[in-house]
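Take a look at the structure below.
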Amino acid sequence: MTTPAAFAATAILLAEPARAAMLHALLGGESLTAGELARVAGIGAPAASAHLARLAEGGLVAVHPQGRHRYHRLASEEVAAMLETLGGLTEAVAPARRWPHGEAFRAARLCYDHLAGRLGVALHAGLAGRGWIIPAAGGWAATPAGEAGLARLGVDLAAARGARRFACDCMDWSERRAHLAGGLGREIAACCLRQHWVTRLPAEREGDPLARRRLRLTPEGARRLGETLGVAA
């Protein structure tokens with residue numbers, strides 16, 4: 001069980017605006033350098049390095065050296081789910097506030113390595129509604145019909161099964177309903193990006209911490225996902 005002191009320590013890490021901006025950027029699923037994260041947070045390189053060191057020490061960020069660079073990513077899917085849930089709580093406690101991030105961000109985005117927003121929620125509902133996934137201990141399992149259908153779409157089920165969790169719920173920040181996380185959520189997102197059923201939207205402004213997360217459902221994606229899972233464009 002988390003102790004009050006540990007809970008407070010994590011809350012302190014999240015409470016600093018520059019660190020929060022960095023974590024938001026890393027929810028796009030990419031590994032970023034300290035320089036890239038410094039630009040997102042609007043701070044200098046030394047300050048960014050200090051903040052990233054604290055996030056790594058707190059278990060929220062993992063660091064991977066590669067050549068001269070050090071790349072940073074969220075430490076785990078659990079960290080991503082915590083950030084998404086916190087975003088939903090932020091919206092819930094201020095219901096009268098206008099949604100500040102634009103309809104494109106609400107329509108389709110990445111939550112770490114899986115699809116979120118209306119698209120992610122609709123995909124989850126389609127998978128369950130067509131009996132492609134069914135409840136299982138700790139999340140969801142694929143049915144034989146689901147395995148066949150997902151394979152036809154081009155989803156790498158072997159890679160999905162290699163994840164620590166095959167399929168589980170992640171509460172969606174904007175929709176306040178679950179989208180699909182875990183290995184299956186990751187591989188569905190990878191399939192959609194690989195086949196250009198969704199594409200990343202260009203940044204609206206330099207240093208936007210949400211820029212790397214925005215997606216657009218393409219006409220071909222709308223057709224394929226609509227035919228197979230009933231996802232409306």
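We name chains A, B, ... following the order of the structure tokens; residues begin at 1 in each chain, and ligands are numbered from 1 as shown.
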**Report entry** Residues near Leu26 in chain A, cut-off 10 Å, only C-alpha atoms, skip fewer than 6 positions along chain, as a ChimeraX atom specification
**Finding:** /A:20,32,37,61,72-75,80,111-112,209-210,212-213
Neighbouring residues of range 182-196 of chain A were defined as those with any atom within 7 Å, considering only C-alpha atoms; residues of the same chain fewer than 3 positions away were excluded. Please report them as a CSV table (one decimal) with C-alpha atoms, in the first residue's frame.
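Written file, around-v9.csv:
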chain,number,residue,atom,x,y,z
A,113,ASP,CA,1.3,4.1,-26.7
A,114,HIS,CA,-2.4,3.6,-27.2
A,115,LEU,CA,-5.3,5.4,-28.8
A,154,GLY,CA,-2.9,-6.4,-39.3
A,155,VAL,CA,-2.6,-6.2,-35.5
A,156,ASP,CA,0.5,-8.0,-34.2
A,160,ALA,CA,0.6,-7.8,-27.8
A,161,ARG,CA,0.9,-11.0,-25.8
A,163,ALA,CA,3.5,-7.2,-22.9
A,165,ARG,CA,-0.6,-6.9,-19.5
A,166,PHE,CA,-2.4,-8.1,-22.7
A,167,ALA,CA,-5.4,-5.7,-22.5
A,168,CYS,CA,-6.7,-3.4,-19.8
A,199,THR,CA,-1.8,10.3,-38.8
If we count only C-alpha atoms, what is near Glu220 in chain A at a cut-off of 9 Å, once residues fewer than 5 positions away on the same chain are taken out, given as a short mmCIF file (atom, residue, chain, number, x, y, z; two decimals) with C-alpha atoms, in the first residue's frame?
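New file part.cif:
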data_model
loop_
_atom_site.label_atom_id
_atom_site.label_comp_id
_atom_site.auth_asym_id
_atom_site.auth_seq_id
_atom_site.Cartn_x
_atom_site.Cartn_y
_atom_site.Cartn_z
CA HIS A 196 -1.99 5.46 -42.14
CA TRP A 197 -5.47 4.99 -40.69
CA VAL A 198 -4.46 7.70 -38.27
CA LEU A 225 -12.54 0.87 -38.66
#
Report task. Could you give me, as an MDAnalysis selection string, the residues within 12 Å of Ile134 in chain A, counting only C-alpha atoms and dropping anything in the same chain fewer than 5 positions from it? Result -> chainID A and resid 124:129 139:147 167:168
Requested in this report: Rank A:Gly162, A:Glu78, A:Arg152, A:Tyr71 by their smallest atom-to-atom distance to Ala181 in chain A, using only C-alpha atoms, and report the top residue only.
Outcome: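 Among A:Gly162, A:Glu78, A:Arg152, A:Tyr71, it is A:Glu78 that comes nearest to Ala181 in chain A.
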Requested in this report: Measure the distance from CA of Ala11 in chain A to CA of Gly58 in chain A in Å and round it to one decimal.
Outcome: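 Taking CA of Ala11 in chain A as the start and CA of Gly58 in chain A as the end point, the length is 10.3 Å.
Nearest residue to Leu55 in chain A among A:Leu14, A:Ala25, A:Met82, A:Ala34 is A:Leu14, counting only C-alpha atoms.
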Query raised in the report: Out of range 8-212 of chain A, which residues get alpha helix (DSSP H) from DSSP, as a ChimeraX atom specification?
Result: /A:8-15,17-26,34-41,45-57,77-92,103-107,117-129,144-153,157-161,182-194
Report task. Excluding Met22 in chain A and any residue of its chain fewer than 6 positions from it, enumerate the residues within 9 Å of it, using only C-alpha atoms, and give them as number ranges by chain. Result -> A: 37-38, 40-41, 48, 52, 209
Output for the residues just chosen: C-alpha atoms as a short mmCIF file (atom, residue, chain, number, x, y, z; two decimals), in the first residue's frame:
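Listing of result_10.cif after writing:
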data_model
loop_
_atom_site.label_atom_id
_atom_site.label_comp_id
_atom_site.auth_asym_id
_atom_site.auth_seq_id
_atom_site.Cartn_x
_atom_site.Cartn_y
_atom_site.Cartn_z
CA LEU A 37 11.72 18.64 -23.22
CA ALA A 38 13.31 21.93 -22.19
CA VAL A 40 8.34 22.08 -24.35
CA ALA A 41 8.59 23.33 -20.77
CA ALA A 48 15.40 20.78 -17.51
CA LEU A 52 14.29 15.25 -15.30
CA PRO A 209 3.36 19.95 -24.81
#
**Report entry** strand (DSSP E) positions in range 26-161 of chain A, given as a ChimeraX atom specification
**Finding:** /A:32-33,61-66,69-74,109-111,114-116,133-136,139-142
Serialized selection, C-alpha atoms, as a compact mmCIF listing (two decimals), in the first residue's frame:
# COMPACT_ATOMS: atom_id res chain seq x y z
CA LEU A 32 12.70 12.72 -26.06
CA THR A 33 15.98 14.40 -25.21
CA VAL A 61 10.58 8.78 -16.07
CA ALA A 62 13.09 6.26 -17.44
CA VAL A 63 16.34 7.34 -19.12
CA HIS A 64 18.10 5.55 -21.99
CA PRO A 65 21.60 6.68 -23.04
CA GLN A 66 22.30 6.35 -26.75
CA HIS A 69 22.23 11.64 -26.14
CA ARG A 70 20.04 10.61 -23.23
CA TYR A 71 16.45 9.85 -24.15
CA HIS A 72 13.61 10.12 -21.67
CA ARG A 73 10.27 8.32 -21.66
CA LEU A 74 7.55 7.57 -19.15
CA ARG A 109 -4.93 11.38 -29.57
CA LEU A 110 -2.26 9.13 -28.12
CA CYS A 111 -2.20 8.21 -24.45
CA HIS A 114 -2.40 3.55 -27.25
CA LEU A 115 -5.32 5.43 -28.78
CA ALA A 116 -7.42 7.79 -26.68
CA ILE A 133 -12.63 -9.07 -26.42
CA ILE A 134 -14.27 -10.34 -23.24
CA PRO A 135 -13.61 -9.56 -19.56
CA ALA A 136 -10.78 -11.54 -17.99
CA GLY A 139 -8.50 -6.77 -17.94
CA TRP A 140 -9.61 -8.32 -21.22
CA ALA A 141 -8.91 -11.43 -23.31
CA ALA A 142 -9.30 -11.85 -27.07
Query raised in the report: What is the distance between CA of Leu27 in chain A and CA of Ala15 in chain A, in Å to one decimal?
Result: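 Distance between the two atoms: 16.6 Å.
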**Report entry** For range 173-180 of chain A: contacts at 8 Å, only C-alpha atoms, fewer than 6 positions along chain excluded, given as a list of chain:residue names
**Finding:**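 Non-adjacent residues within range: A:Glu84, A:Thr85, A:Leu86, A:Gly87, A:Gly88, A:Leu89, A:Glu91, A:Arg106, A:His114, A:Leu115, A:Ala116, A:Gly117, A:Arg118, A:Gly120, A:Val121, A:Ala122, A:Leu123, A:His124, A:Ala167.
Closest to Gly28 in chain A among A:Leu83, A:Leu229, A:Leu150, A:Leu13 is A:Leu83, based on only C-alpha atoms.
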Query - Distance criterion (only C-alpha atoms): nearest to Gly42 in chain A out of A:Ala18, A:Pro202, A:Glu30, A:Glu57 - result: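 Using only C-alpha atoms, Gly42 in chain A sits closest to A:Ala18.
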Report summary line: Between CA of Leu119 in chain A and CA of Leu217 in chain A lies a distance of 8.2 Å
